[in-house]
Amino acid sequence: MNKLSCFFLTIAKVLAFVLLTIPAFSQNLAAIEKDLVETCARVSSFHRVDSDSLAYYSEQFDQKIAAYLQKYPTTFNHPFTQLQKECFITTSADALFRVYSWDTWLGGTAHDFSSIAQFQSGGSTFLGEIGGMGFFSEVFTVKTRQKTYYLAVSNGIFSTADSGQSLQAYTIEQNELRSVELFKTKGKMSTSISFEFDFFSVVDRPERPLKLIKYDEKKKTISVPVITENGAVTEVFTRYRFNGKYFEEVGEK
């Protein structure tokens, strides 16, 4: 059984648990959000206090959010205003692709994040497995005549100083979320662009999460900051321009 099959088998088992334990929720989105917020709050409350309870509620939140998103398609358009105070939720410009990310609080100084993608295809809503450096904070949408690509920005926290960002390319085909080789660097194709950096070199920047990767929708150009040997983020960017098929490295600016 492949990883994706195991993923959905787990959701199916958890969904049965949710339906048995919380049958009154039906499609009451407010009640679903309240339950997720409360469970997430329990997770953070046991951080550095009780490791067993932390692990229990962290797993429970993982299972609940996957089950709710799978069972109730209307969650896709719900703003989750309160949940966004506990988690990261980012949606594409065409409103067809969304990623939920949360801190499991199991990683110590190296934060351990979990994420799940929710998307629409053919009028139906589906879940997809998505991996990254950490939590997802932004999605750039690239449309062509044939396909729509989603460039998801993830953020890793490896220690107090060590951080990273990644840009990963996805597309939706046959009701599945698929990783796609969309970046060409030094003659090689890749599904992602990533870099690590010293957080303290950009600590004074006002925005949170940090927006180090830029996308110019009109020019269809990605700009990724150049990082020095000691990890400092510079004002020089490596640019990638979309040529109709993929993003190709075109130099620094």
# chains A, B, ... in the order shown; residues from 1 in each chain; ligands from 1

$ residues_around --residues "range 122-124 of chain A" --least-positions-apart "4" --cutoff "10 Å" --atoms "only C-alpha atoms" --output "MDAnalysis selection string"
chainID A and resid 73 96 174:175

$ residues_around --residues "Gly134 in chain A" --least-positions-apart "5" --cutoff "6 Å" --atoms "only C-alpha atoms" --output "tab-separated table (two decimals) with N, CA and C atoms, in the first residue's frame"
chain	number	residue	atom	x	y	z
A	113	PHE	N	5.66	20.76	11.92
A	113	PHE	CA	4.37	21.18	11.38
A	113	PHE	C	3.72	20.06	10.58
A	154	SER	N	6.30	27.32	1.65
A	154	SER	CA	6.35	26.73	2.98
A	154	SER	C	7.51	27.31	3.76
A	155	ASN	N	7.37	27.29	5.08
A	155	ASN	CA	8.33	27.94	5.98
A	155	ASN	C	8.79	26.95	7.05
A	156	GLY	N	10.09	26.76	7.13
A	156	GLY	CA	10.65	25.86	8.13
A	156	GLY	C	11.30	26.62	9.27

$ closest_atom_pairs --of "range 102-213 of chain A" --to "range 30-54 of chain A" --cutoff "12 Å" --atoms "only C-alpha atoms" --output "CSV"
residue,atom,partner,partner_atom,distance
A:Trp102,CA,A:Cys40,CA,8.8
A:Asp103,CA,A:Ser44,CA,8.7
A:Thr104,CA,A:Val43,CA,7.4
A:Trp105,CA,A:His47,CA,6.3
A:Leu106,CA,A:Leu54,CA,7.6
A:Gly107,CA,A:His47,CA,10.1
A:Gly108,CA,A:Arg48,CA,8.7
A:Thr109,CA,A:Arg48,CA,11.4
A:His111,CA,A:His47,CA,11.8

$ residues_around --residues "Phe97 in chain A" --least-positions-apart "3" --cutoff "6 Å" --atoms "only C-alpha atoms" --output "JSON, numbers by chain"
{"A": [91, 92, 119]}

$ write_last_selection --atoms "C-alpha atoms" --output "PDB file, in the first residue's frame"
ATOM      1  CA  THR A  91      -6.088  29.823  -0.364  1.00  0.00           C
ATOM      2  CA  SER A  92      -5.213  30.275  -4.030  1.00  0.00           C
ATOM      3  CA  PHE A 119      -9.018  21.393  -3.414  1.00  0.00           C
TER       4      PHE A 119
END

$ closest_residue --among "A:Glu86, A:Glu138, A:Glu248, A:Glu235" --to "Lys186 in chain A" --atoms "only C-alpha atoms"
A:Glu248

$ closest_residue --among "A:Ser190, A:Ser114, A:Thr221, A:Thr160" --to "Glu59 in chain A" --atoms "only C-alpha atoms"
A:Ser114

$ closest_residue --among "A:Arg145, A:Lys71, A:Arg98, A:Arg239" --to "Ala117 in chain A" --atoms "only C-alpha atoms"
A:Arg98

$ atom_distance --atom1 "CA of Glu249 in chain A" --atom2 "CA of Leu182 in chain A"
11.2 Å

$ atom_distance --atom1 "CA of Tyr240 in chain A" --atom2 "CA of Ile222 in chain A"
5.0 Å

$ atom_distance --atom1 "CA of Phe126 in chain A" --atom2 "CA of Arg178 in chain A"
12.6 Å

$ closest_atom_pairs --of "range 79-100 of chain A" --to "range 198-218 of chain A" --cutoff "12 Å" --atoms "only C-alpha atoms" --output "Markdown table"
| residue | atom | partner | partner_atom | distance |
| --- | --- | --- | --- | --- |
| A:Phe88 | CA | A:Pro209 | CA | 9.8 |
| A:Thr90 | CA | A:Pro209 | CA | 11.8 |
| A:Ala93 | CA | A:Glu217 | CA | 11.1 |

$ write_last_selection --atoms "C-alpha atoms" --output "compact mmCIF listing (two decimals), in the first residue's frame"
# COMPACT_ATOMS: atom_id res chain seq x y z
CA PHE A 88 -2.19 28.79 9.03
CA THR A 90 -3.91 29.92 2.76
CA ALA A 93 -6.43 33.29 -6.01

$ closest_residue --among "A:Ser223, A:Ser159, A:Ser121, A:Thr234" --to "Glu173 in chain A" --atoms "only C-alpha atoms"
A:Ser121

$ select_by_dssp --residues "range 14-224 of chain A" --states "strand (DSSP E or B)" --output "PyMOL selection string"
chain A and resi 88-91+97-103+113-121+124-128+135-143+148-157+162-173+176-179+183-185+188-190+192-198+214-216+221-224

$ write_last_selection --atoms "C-alpha atoms" --output "compact mmCIF listing (two decimals), in the first residue's frame"
# COMPACT_ATOMS: atom_id res chain seq x y z
CA PHE A 88 -2.19 28.79 9.03
CA ILE A 89 -4.76 28.66 6.24
CA THR A 90 -3.91 29.92 2.76
CA THR A 91 -6.09 29.82 -0.36
CA PHE A 97 -6.83 25.19 -3.72
CA ARG A 98 -6.32 25.62 0.01
CA VAL A 99 -3.68 24.47 2.50
CA TYR A 100 -4.10 24.09 6.27
CA SER A 101 -0.94 23.98 8.43
CA TRP A 102 -0.45 23.71 12.19
CA ASP A 103 2.31 23.26 14.73
CA PHE A 113 4.37 21.18 11.38
CA SER A 114 1.62 19.15 9.74
CA SER A 115 -0.27 20.21 6.63
CA ILE A 116 -3.16 19.04 4.50
CA ALA A 117 -4.40 20.32 1.14
CA GLN A 118 -8.06 20.72 0.19
CA PHE A 119 -9.02 21.39 -3.41
CA GLN A 120 -11.92 21.40 -5.84
CA SER A 121 -12.07 19.55 -9.14
CA SER A 124 -16.31 18.15 -5.98
CA THR A 125 -13.99 18.71 -3.03
CA PHE A 126 -11.00 16.48 -2.29
CA LEU A 127 -8.08 16.19 0.11
CA GLY A 128 -4.46 15.76 -0.88
CA PHE A 135 3.84 25.63 7.50
CA PHE A 136 2.38 27.03 4.28
CA SER A 137 1.84 30.77 4.19
CA GLU A 138 1.06 31.70 0.59
CA VAL A 139 -0.02 30.22 -2.74
CA PHE A 140 0.79 31.77 -6.13
CA THR A 141 -1.52 30.83 -9.00
CA VAL A 142 -0.15 30.39 -12.52
CA LYS A 143 -2.70 29.82 -15.28
CA THR A 148 -3.32 25.77 -13.64
CA TYR A 149 -0.27 25.52 -11.40
CA TYR A 150 -0.17 26.28 -7.69
CA LEU A 151 3.13 27.45 -6.21
CA ALA A 152 2.96 26.90 -2.46
CA VAL A 153 5.34 28.71 -0.11
CA SER A 154 6.35 26.73 2.98
CA ASN A 155 8.33 27.94 5.98
CA GLY A 156 10.65 25.86 8.13
CA ILE A 157 11.77 26.68 11.68
CA ASP A 162 17.95 28.54 11.47
CA SER A 163 14.99 28.90 9.11
CA GLY A 164 14.09 28.04 5.55
CA GLN A 165 11.60 28.64 2.78
CA SER A 166 10.51 26.48 -0.11
CA LEU A 167 8.39 27.02 -3.22
CA GLN A 168 6.69 23.85 -4.44
CA ALA A 169 4.71 23.36 -7.63
CA TYR A 170 1.44 21.45 -7.83
CA THR A 171 -1.34 20.91 -10.32
CA ILE A 172 -4.72 19.16 -10.12
CA GLU A 173 -5.25 16.30 -12.55
CA GLU A 176 -5.67 14.33 -7.66
CA LEU A 177 -3.10 16.82 -6.39
CA ARG A 178 0.16 16.16 -8.19
CA SER A 179 3.64 17.53 -7.72
CA PHE A 183 11.51 24.86 -12.17
CA LYS A 184 14.67 24.66 -14.28
CA THR A 185 17.91 25.54 -12.50
CA LYS A 188 17.95 20.49 -14.21
CA MET A 189 14.21 20.28 -13.66
CA SER A 190 12.78 20.25 -10.14
CA SER A 192 10.69 22.93 -5.85
CA ILE A 193 13.05 25.77 -5.04
CA SER A 194 14.33 25.99 -1.46
CA PHE A 195 16.87 27.78 0.68
CA GLU A 196 17.88 28.09 4.32
CA PHE A 197 18.75 31.34 6.08
CA ASP A 198 19.56 33.02 9.37
CA LYS A 214 8.18 37.13 -4.58
CA TYR A 215 5.99 36.50 -7.61
CA ASP A 216 5.18 39.04 -10.31
CA THR A 221 8.52 35.96 -12.74
CA ILE A 222 9.62 34.42 -9.44
CA SER A 223 12.30 36.16 -7.36
CA VAL A 224 14.19 34.16 -4.73

$ closest_residue --among "A:Lys245, A:Asp112, A:Gln82, A:Ala66" --to "Lys147 in chain A" --atoms "only C-alpha atoms"
A:Lys245
